[in-house]
$ cat entry_15.pdb   # PDB, C-alpha atoms, pLDDT in the B column
ATOM      1  CA  MET A   1     121.279 153.283 139.932  1.00 41.00           C
ATOM      2  CA  GLU A   2     124.069 154.306 142.255  1.00 43.00           C
ATOM      3  CA  ARG A   3     122.402 157.671 142.815  1.00 45.00           C
ATOM      4  CA  LEU A   4     119.015 156.215 143.792  1.00 44.00           C
ATOM      5  CA  PRO A   5     119.737 155.819 147.538  1.00 45.00           C
ATOM      6  CA  CYS A   6     121.100 159.360 147.516  1.00 44.00           C
ATOM      7  CA  LEU A   7     117.910 160.619 145.852  1.00 44.00           C
ATOM      8  CA  LEU A   8     115.707 158.836 148.344  1.00 44.00           C
ATOM      9  CA  THR A   9     117.542 160.056 151.416  1.00 44.00           C
ATOM     10  CA  SER A  10     118.626 163.571 150.522  1.00 45.00           C
ATOM     11  CA  PHE A  11     115.482 165.351 149.403  1.00 45.00           C
ATOM     12  CA  SER A  12     113.359 167.748 151.343  1.00 48.00           C
ATOM     13  CA  GLU A  13     109.559 167.601 151.362  1.00 46.00           C
ATOM     14  CA  LYS A  14     109.420 170.444 148.879  1.00 48.00           C
ATOM     15  CA  ASP A  15     111.578 168.486 146.389  1.00 48.00           C
ATOM     16  CA  ILE A  16     108.856 165.877 146.009  1.00 47.00           C
ATOM     17  CA  PHE A  17     106.349 168.378 144.675  1.00 48.00           C
ATOM     18  CA  VAL A  18     108.457 170.890 142.769  1.00 51.00           C
ATOM     19  CA  SER A  19     111.411 170.076 140.588  1.00 53.00           C
ATOM     20  CA  THR A  20     113.893 172.802 139.829  1.00 56.00           C
ATOM     21  CA  ALA A  21     114.904 171.058 136.620  1.00 59.00           C
ATOM     22  CA  SER A  22     114.500 173.172 133.531  1.00 62.00           C
ATOM     23  CA  LEU A  23     111.454 172.822 131.334  1.00 62.00           C
ATOM     24  CA  PRO A  24     111.850 170.647 128.237  1.00 67.00           C
ATOM     25  CA  SER A  25     113.178 172.115 125.003  1.00 73.00           C
ATOM     26  CA  SER A  26     110.615 173.166 122.423  1.00 77.00           C
ATOM     27  CA  ARG A  27     111.328 170.004 120.392  1.00 80.00           C
ATOM     28  CA  HIS A  28     110.791 167.742 123.424  1.00 81.00           C
ATOM     29  CA  ARG A  29     107.787 169.804 124.495  1.00 84.00           C
ATOM     30  CA  THR A  30     106.181 169.388 121.055  1.00 90.00           C
ATOM     31  CA  ALA A  31     106.727 165.632 121.218  1.00 90.00           C
ATOM     32  CA  ALA A  32     105.288 165.480 124.757  1.00 90.00           C
ATOM     33  CA  VAL A  33     102.240 167.525 123.709  1.00 93.00           C
ATOM     34  CA  ALA A  34     101.652 165.211 120.718  1.00 94.00           C
ATOM     35  CA  LEU A  35     101.963 162.092 122.898  1.00 95.00           C
ATOM     36  CA  CYS A  36      99.691 163.639 125.517  1.00 94.00           C
ATOM     37  CA  ALA A  37      97.072 164.471 122.863  1.00 96.00           C
ATOM     38  CA  ALA A  38      97.198 160.896 121.535  1.00 97.00           C
ATOM     39  CA  TRP A  39      96.875 159.540 125.094  1.00 96.00           C
ATOM     40  CA  LEU A  40      93.890 161.835 125.742  1.00 95.00           C
ATOM     41  CA  MET A  41      92.131 160.618 122.585  1.00 96.00           C
ATOM     42  CA  VAL A  42      92.622 156.961 123.503  1.00 95.00           C
ATOM     43  CA  VAL A  43      91.403 157.566 127.068  1.00 95.00           C
ATOM     44  CA  ALA A  44      88.393 159.544 125.797  1.00 94.00           C
ATOM     45  CA  VAL A  45      87.358 156.628 123.580  1.00 93.00           C
ATOM     46  CA  ILE A  46      87.784 154.154 126.456  1.00 92.00           C
ATOM     47  CA  VAL A  47      85.935 156.131 129.122  1.00 91.00           C
ATOM     48  CA  LEU A  48      83.154 157.466 126.888  1.00 90.00           C
ATOM     49  CA  TRP A  49      82.409 154.207 125.083  1.00 91.00           C
ATOM     50  CA  PRO A  50      78.675 153.591 125.588  1.00 91.00           C
ATOM     51  CA  THR A  51      79.147 150.070 126.952  1.00 90.00           C
ATOM     52  CA  PRO A  52      81.838 148.701 129.265  1.00 86.00           C
ATOM     53  CA  ILE A  53      84.988 148.544 127.164  1.00 82.00           C
ATOM     54  CA  ASP A  54      85.954 145.148 128.568  1.00 83.00           C
ATOM     55  CA  ARG A  55      82.598 143.497 127.861  1.00 83.00           C
ATOM     56  CA  ALA A  56      83.754 141.655 124.738  1.00 81.00           C
ATOM     57  CA  GLY A  57      87.069 140.596 126.250  1.00 83.00           C
ATOM     58  CA  ALA A  58      85.837 139.657 129.719  1.00 85.00           C
ATOM     59  CA  PRO A  59      85.331 135.929 129.004  1.00 89.00           C
ATOM     60  CA  LEU A  60      88.810 135.691 127.463  1.00 90.00           C
ATOM     61  CA  LEU A  61      90.385 137.437 130.456  1.00 89.00           C
ATOM     62  CA  GLN A  62      88.463 135.169 132.858  1.00 91.00           C
ATOM     63  CA  ARG A  63      89.758 132.069 131.012  1.00 93.00           C
ATOM     64  CA  ALA A  64      93.299 133.478 130.966  1.00 93.00           C
ATOM     65  CA  LEU A  65      93.152 134.119 134.717  1.00 92.00           C
ATOM     66  CA  MET A  66      91.856 130.582 135.364  1.00 93.00           C
ATOM     67  CA  PHE A  67      94.721 129.157 133.298  1.00 94.00           C
ATOM     68  CA  LEU A  68      97.285 131.337 135.080  1.00 94.00           C
ATOM     69  CA  HIS A  69      95.826 130.464 138.506  1.00 93.00           C
ATOM     70  CA  ALA A  70      96.208 126.771 137.606  1.00 94.00           C
ATOM     71  CA  HIS A  71      99.866 127.488 136.785  1.00 93.00           C
ATOM     72  CA  GLY A  72     100.867 129.372 139.909  1.00 94.00           C
ATOM     73  CA  LEU A  73      99.357 132.843 139.684  1.00 92.00           C
ATOM     74  CA  PRO A  74      98.164 133.786 143.182  1.00 94.00           C
ATOM     75  CA  ALA A  75      94.406 133.584 143.648  1.00 93.00           C
ATOM     76  CA  SER A  76      94.507 137.186 144.885  1.00 92.00           C
ATOM     77  CA  VAL A  77      94.986 138.292 141.260  1.00 93.00           C
ATOM     78  CA  THR A  78      91.348 138.541 140.247  1.00 93.00           C
ATOM     79  CA  TYR A  79      89.411 140.112 137.406  1.00 91.00           C
ATOM     80  CA  ASN A  80      88.698 143.103 139.675  1.00 92.00           C
ATOM     81  CA  SER A  81      92.375 143.543 140.585  1.00 94.00           C
ATOM     82  CA  VAL A  82      93.348 143.434 136.898  1.00 93.00           C
ATOM     83  CA  GLU A  83      90.673 146.046 136.150  1.00 93.00           C
ATOM     84  CA  PHE A  84      91.916 148.229 139.029  1.00 96.00           C
ATOM     85  CA  LEU A  85      95.514 147.971 137.806  1.00 96.00           C
ATOM     86  CA  SER A  86      94.357 148.816 134.274  1.00 94.00           C
ATOM     87  CA  ASN A  87      92.830 152.038 135.582  1.00 96.00           C
ATOM     88  CA  VAL A  88      96.049 152.854 137.443  1.00 97.00           C
ATOM     89  CA  LEU A  89      98.087 152.274 134.268  1.00 97.00           C
ATOM     90  CA  MET A  90      95.633 154.271 132.153  1.00 97.00           C
ATOM     91  CA  PHE A  91      96.104 157.421 134.262  1.00 97.00           C
ATOM     92  CA  ALA A  92      99.853 157.160 134.952  1.00 97.00           C
ATOM     93  CA  PRO A  93     100.654 159.011 131.706  1.00 97.00           C
ATOM     94  CA  LEU A  94      98.558 161.964 132.917  1.00 96.00           C
ATOM     95  CA  GLY A  95     100.835 162.478 135.918  1.00 95.00           C
ATOM     96  CA  LEU A  96     103.903 162.052 133.739  1.00 94.00           C
ATOM     97  CA  PHE A  97     102.742 164.454 131.015  1.00 94.00           C
ATOM     98  CA  TRP A  98     101.518 167.004 133.550  1.00 94.00           C
ATOM     99  CA  PHE A  99     104.853 166.994 135.360  1.00 92.00           C
ATOM    100  CA  ILE A 100     106.793 167.400 132.121  1.00 89.00           C
ATOM    101  CA  LEU A 101     104.564 170.076 130.576  1.00 91.00           C
ATOM    102  CA  ALA A 102     103.407 172.135 133.561  1.00 91.00           C
ATOM    103  CA  PRO A 103     105.354 175.154 134.768  1.00 88.00           C
ATOM    104  CA  ARG A 104     107.764 174.245 137.580  1.00 83.00           C
ATOM    105  CA  GLY A 105     105.553 175.719 140.282  1.00 87.00           C
ATOM    106  CA  TRP A 106     102.587 173.581 139.181  1.00 91.00           C
ATOM    107  CA  ARG A 107     104.258 170.198 138.713  1.00 89.00           C
ATOM    108  CA  TRP A 108     102.905 169.013 142.073  1.00 89.00           C
ATOM    109  CA  ALA A 109      99.286 169.360 140.834  1.00 94.00           C
ATOM    110  CA  GLY A 110      99.306 166.300 138.533  1.00 94.00           C
ATOM    111  CA  PRO A 111      97.562 164.052 141.069  1.00 96.00           C
ATOM    112  CA  LEU A 112      94.897 166.706 141.661  1.00 97.00           C
ATOM    113  CA  VAL A 113      94.336 167.009 137.930  1.00 96.00           C
ATOM    114  CA  GLY A 114      94.032 163.217 137.786  1.00 96.00           C
ATOM    115  CA  LEU A 115      91.485 163.255 140.599  1.00 98.00           C
ATOM    116  CA  GLY A 116      89.488 166.033 138.926  1.00 97.00           C
ATOM    117  CA  LEU A 117      89.531 164.385 135.509  1.00 96.00           C
ATOM    118  CA  SER A 118      88.552 161.050 137.028  1.00 97.00           C
ATOM    119  CA  LEU A 119      85.630 162.621 138.918  1.00 97.00           C
ATOM    120  CA  LEU A 120      84.525 164.295 135.669  1.00 96.00           C
ATOM    121  CA  VAL A 121      84.740 161.013 133.755  1.00 96.00           C
ATOM    122  CA  GLU A 122      82.871 159.027 136.391  1.00 96.00           C
ATOM    123  CA  GLY A 123      80.218 161.759 136.629  1.00 96.00           C
ATOM    124  CA  MET A 124      79.733 161.717 132.865  1.00 95.00           C
ATOM    125  CA  GLN A 125      79.455 157.935 132.888  1.00 95.00           C
ATOM    126  CA  ALA A 126      76.858 158.073 135.679  1.00 94.00           C
ATOM    127  CA  LEU A 127      74.782 160.781 133.994  1.00 95.00           C
ATOM    128  CA  LEU A 128      75.157 160.080 130.285  1.00 94.00           C
ATOM    129  CA  LEU A 129      76.054 156.412 129.822  1.00 94.00           C
ATOM    130  CA  PRO A 130      73.431 154.176 131.441  1.00 93.00           C
ATOM    131  CA  GLN A 131      75.288 150.943 130.598  1.00 93.00           C
ATOM    132  CA  ARG A 132      78.490 152.135 132.301  1.00 92.00           C
ATOM    133  CA  VAL A 133      79.048 151.915 136.043  1.00 90.00           C
ATOM    134  CA  ALA A 134      80.681 154.878 137.784  1.00 92.00           C
ATOM    135  CA  THR A 135      82.620 153.859 140.886  1.00 94.00           C
ATOM    136  CA  LEU A 136      84.757 155.497 143.523  1.00 96.00           C
ATOM    137  CA  GLY A 137      87.157 152.582 143.051  1.00 96.00           C
ATOM    138  CA  ASP A 138      87.842 153.846 139.522  1.00 96.00           C
ATOM    139  CA  VAL A 139      88.413 157.361 140.873  1.00 97.00           C
ATOM    140  CA  LEU A 140      90.876 155.933 143.410  1.00 98.00           C
ATOM    141  CA  ALA A 141      92.695 153.827 140.799  1.00 98.00           C
ATOM    142  CA  ASN A 142      92.905 156.730 138.342  1.00 97.00           C
ATOM    143  CA  THR A 143      94.227 159.069 141.026  1.00 98.00           C
ATOM    144  CA  ILE A 144      96.813 156.502 142.120  1.00 98.00           C
ATOM    145  CA  GLY A 145      97.865 156.288 138.473  1.00 98.00           C
ATOM    146  CA  ALA A 146      98.327 160.067 138.271  1.00 97.00           C
ATOM    147  CA  VAL A 147     100.361 159.989 141.497  1.00 97.00           C
ATOM    148  CA  CYS A 148     102.555 157.186 140.105  1.00 97.00           C
ATOM    149  CA  GLY A 149     103.086 159.051 136.831  1.00 96.00           C
ATOM    150  CA  THR A 150     104.020 162.222 138.697  1.00 94.00           C
ATOM    151  CA  PHE A 151     106.469 160.321 140.897  1.00 94.00           C
ATOM    152  CA  ILE A 152     108.044 158.542 137.912  1.00 94.00           C
ATOM    153  CA  ALA A 153     108.502 161.870 136.093  1.00 90.00           C
ATOM    154  CA  TRP A 154     110.012 163.416 139.221  1.00 88.00           C
ATOM    155  CA  MET A 155     112.422 160.488 139.598  1.00 88.00           C
ATOM    156  CA  LEU A 156     113.459 160.652 135.934  1.00 85.00           C
ATOM    157  CA  ILE A 157     114.007 164.399 135.987  1.00 81.00           C
ATOM    158  CA  SER A 158     115.755 164.260 139.367  1.00 78.00           C
ATOM    159  CA  ALA A 159     118.084 161.533 138.119  1.00 76.00           C
ATOM    160  CA  ARG A 160     118.855 163.545 135.006  1.00 71.00           C
ATOM    161  CA  HIS A 161     119.411 166.788 136.929  1.00 65.00           C
ATOM    162  CA  PRO A 162     120.950 165.684 140.247  1.00 64.00           C
ATOM    163  CA  ARG A 163     121.463 168.305 142.943  1.00 60.00           C
ATOM    164  CA  GLN A 164     124.965 168.927 144.146  1.00 48.00           C
ATOM    165  CA  MET A 165     125.510 167.464 147.591  1.00 42.00           C
ATOM    166  CA  PRO A 166     126.717 170.051 150.155  1.00 44.00           C
TER     167      PRO A 166
END
$ encode --input "entry_15.pdb" --output "structure tokens"
Amino acid sequence: MERLPCLLTSFSEKDIFVSTASLPSSRHRTAAVALCAAWLMVVAVIVLWPTPIDRAGAPLLQRALMFLHAHGLPASVTYNSVEFLSNVLMFAPLGLFWFILAPRGWRWAGPLVGLGLSLLVEGMQALLLPQRVATLGDVLANTIGAVCGTFIAWMLISARHPRQMP
């Protein structure tokens, strides 16, 4: 953690988008590809399910939130905010996997890939799944997730491969 202030104060704008760290070894790359494929399958099931995936669990979550509100959880934590955060968390792995697996010159594109995939998903839900609701809020949450995943990957790789200070 000692290096964190150094990382946050000594990078150039270009460092945020492109890491000069080497690409993962073939063993790590294979593991990342397998994890990415598993993540993609889970996300595909969630986003292409014909009915809202939270329909069955919504009453339980509502009761849990009421209980937690009665025990100190801020009222600003609502069902909608939990759903938004779930979408952020669902797409964070995309940014992480993209950053790890993409060639160095394309690592910055993870958030754009997240935006594109989210627009595709929401479009498919709007056109093909009449019981699902496509929203720009989901696109925003998913894109924020991809940005967070990209940033986390950048921080991890930067911490592992620190630049020499002049």
$ atom_distance --input "entry_15.pdb" --atom1 "atom CA of A:Ala134" --atom2 "atom CA of A:Glu122"
4.9 Å
$ closest_residue --input "entry_15.pdb" --among "A:Ser26, A:Pro130, A:Val147, A:Leu119" --to "A:Pro52" --atoms "all atoms listed in the file"
A:Pro130
$ resolve_selection --input "entry_15.pdb" --expression "the PyMOL selection byres ((chain A and resi 111) around 7)" --output "list in words"
Gly95, Ala109, Gly110, Leu112, Val113, Gly114, Leu115, Thr143, Ala146 and Val147 of chain A
$ closest_residue --input "entry_15.pdb" --among "A:Arg27, A:Ala141, A:Gly123, A:Leu40" --to "A:Val82" --atoms "all atoms listed in the file"
A:Ala141
$ atom_distance --input "entry_15.pdb" --atom1 "atom CA of A:Thr30" --atom2 "atom CA of A:Leu101"
9.7 Å
$ closest_residue --input "entry_15.pdb" --among "A:Ala126, A:Leu120, A:Gly105, A:Glu83" --to "A:Arg55" --atoms "only C-alpha atoms"
A:Glu83
$ closest_residue --input "entry_15.pdb" --among "A:Thr135, A:Ser118, A:Asn80, A:Ser86" --to "A:Ala44" --atoms "all atoms listed in the file"
A:Ser118
$ resolve_selection --input "entry_15.pdb" --expression "the PyMOL selection byres ((chain A and resi 50) around 7)" --output "PyMOL selection string"
chain A and resi 48-49+51-52+129+131-132
$ residues_around --input "entry_15.pdb" --residues "A:Ala153" --least-positions-apart "4" --cutoff "8 Å" --atoms "only C-alpha atoms" --output "VMD selection string"
chain A and resid 95 to 96 99 to 100 149 157
$ atom_distance --input "entry_15.pdb" --atom1 "atom CA of A:Ser25" --atom2 "atom CA of A:Pro103"
12.9 Å
$ closest_residue --input "entry_15.pdb" --among "A:Ile53, A:Phe97, A:Pro59, A:Phe91" --to "A:His28" --atoms "all atoms listed in the file"
A:Phe97
$ closest_residue --input "entry_15.pdb" --among "A:Leu68, A:Leu117, A:Leu94, A:Val47" --to "A:Thr150" --atoms "all atoms listed in the file"
A:Leu94
$ residues_around --input "entry_15.pdb" --residues "A:Leu85" --least-positions-apart "5" --cutoff "10 Å" --atoms "only C-alpha atoms" --output "ChimeraX atom specification"
/A:79-80,90,138,141-142,144-145
$ decode --input "entry_15.pdb" --residues "stretch 54-109 of chain A" --atoms "C-alpha atoms" --output "CSV table (one decimal), in the first residue's frame"
chain,number,residue,atom,x,y,z
A,54,ASP,CA,-35.0,-10.8,-9.9
A,55,ARG,CA,-38.8,-11.4,-10.1
A,56,ALA,CA,-38.8,-14.4,-7.8
A,57,GLY,CA,-36.4,-12.8,-5.3
A,58,ALA,CA,-37.8,-9.3,-5.3
A,59,PRO,CA,-40.1,-9.8,-2.3
A,60,LEU,CA,-37.3,-11.3,-0.2
A,61,LEU,CA,-35.0,-8.5,-1.1
A,62,GLN,CA,-37.7,-5.9,-0.2
A,63,ARG,CA,-38.2,-7.6,3.2
A,64,ALA,CA,-34.4,-7.7,3.7
A,65,LEU,CA,-34.1,-4.0,2.9
A,66,MET,CA,-36.9,-3.1,5.3
A,67,PHE,CA,-35.2,-5.1,8.1
A,68,LEU,CA,-31.9,-3.5,7.4
A,69,HIS,CA,-33.4,0.0,7.2
A,70,ALA,CA,-35.0,-0.7,10.6
A,71,HIS,CA,-31.5,-1.6,11.9
A,72,GLY,CA,-29.6,1.4,10.6
A,73,LEU,CA,-29.2,1.0,6.8
A,74,PRO,CA,-29.6,4.5,5.2
A,75,ALA,CA,-33.0,4.9,3.5
A,76,SER,CA,-31.1,6.0,0.4
A,77,VAL,CA,-30.2,2.3,-0.1
A,78,THR,CA,-33.3,1.2,-2.1
A,79,TYR,CA,-34.3,-1.7,-4.3
A,80,ASN,CA,-33.3,0.4,-7.3
A,81,SER,CA,-29.9,1.3,-5.9
A,82,VAL,CA,-29.2,-2.4,-5.2
A,83,GLU,CA,-30.3,-3.3,-8.7
A,84,PHE,CA,-28.0,-0.6,-10.2
A,85,LEU,CA,-25.1,-1.8,-8.1
A,86,SER,CA,-25.8,-5.3,-9.2
A,87,ASN,CA,-25.4,-4.2,-12.8
A,88,VAL,CA,-22.2,-2.4,-12.0
A,89,LEU,CA,-20.8,-5.6,-10.4
A,90,MET,CA,-22.0,-7.8,-13.2
A,91,PHE,CA,-20.0,-5.9,-15.8
A,92,ALA,CA,-16.8,-5.2,-13.7
A,93,PRO,CA,-15.3,-8.5,-14.8
A,94,LEU,CA,-15.6,-7.5,-18.4
A,95,GLY,CA,-13.3,-4.5,-17.9
A,96,LEU,CA,-10.9,-6.7,-15.9
A,97,PHE,CA,-10.8,-9.6,-18.4
A,98,TRP,CA,-10.6,-7.2,-21.4
A,99,PHE,CA,-7.6,-5.4,-19.8
A,100,ILE,CA,-5.8,-8.6,-19.0
A,101,LEU,CA,-6.5,-10.3,-22.4
A,102,ALA,CA,-6.4,-7.5,-24.9
A,103,PRO,CA,-3.1,-6.5,-26.6
A,104,ARG,CA,-1.4,-3.6,-24.8
A,105,GLY,CA,-2.5,-1.0,-27.3
A,106,TRP,CA,-6.2,-2.0,-26.8
A,107,ARG,CA,-6.4,-2.2,-23.0
A,108,TRP,CA,-8.1,1.2,-22.9
A,109,ALA,CA,-11.1,0.0,-24.9
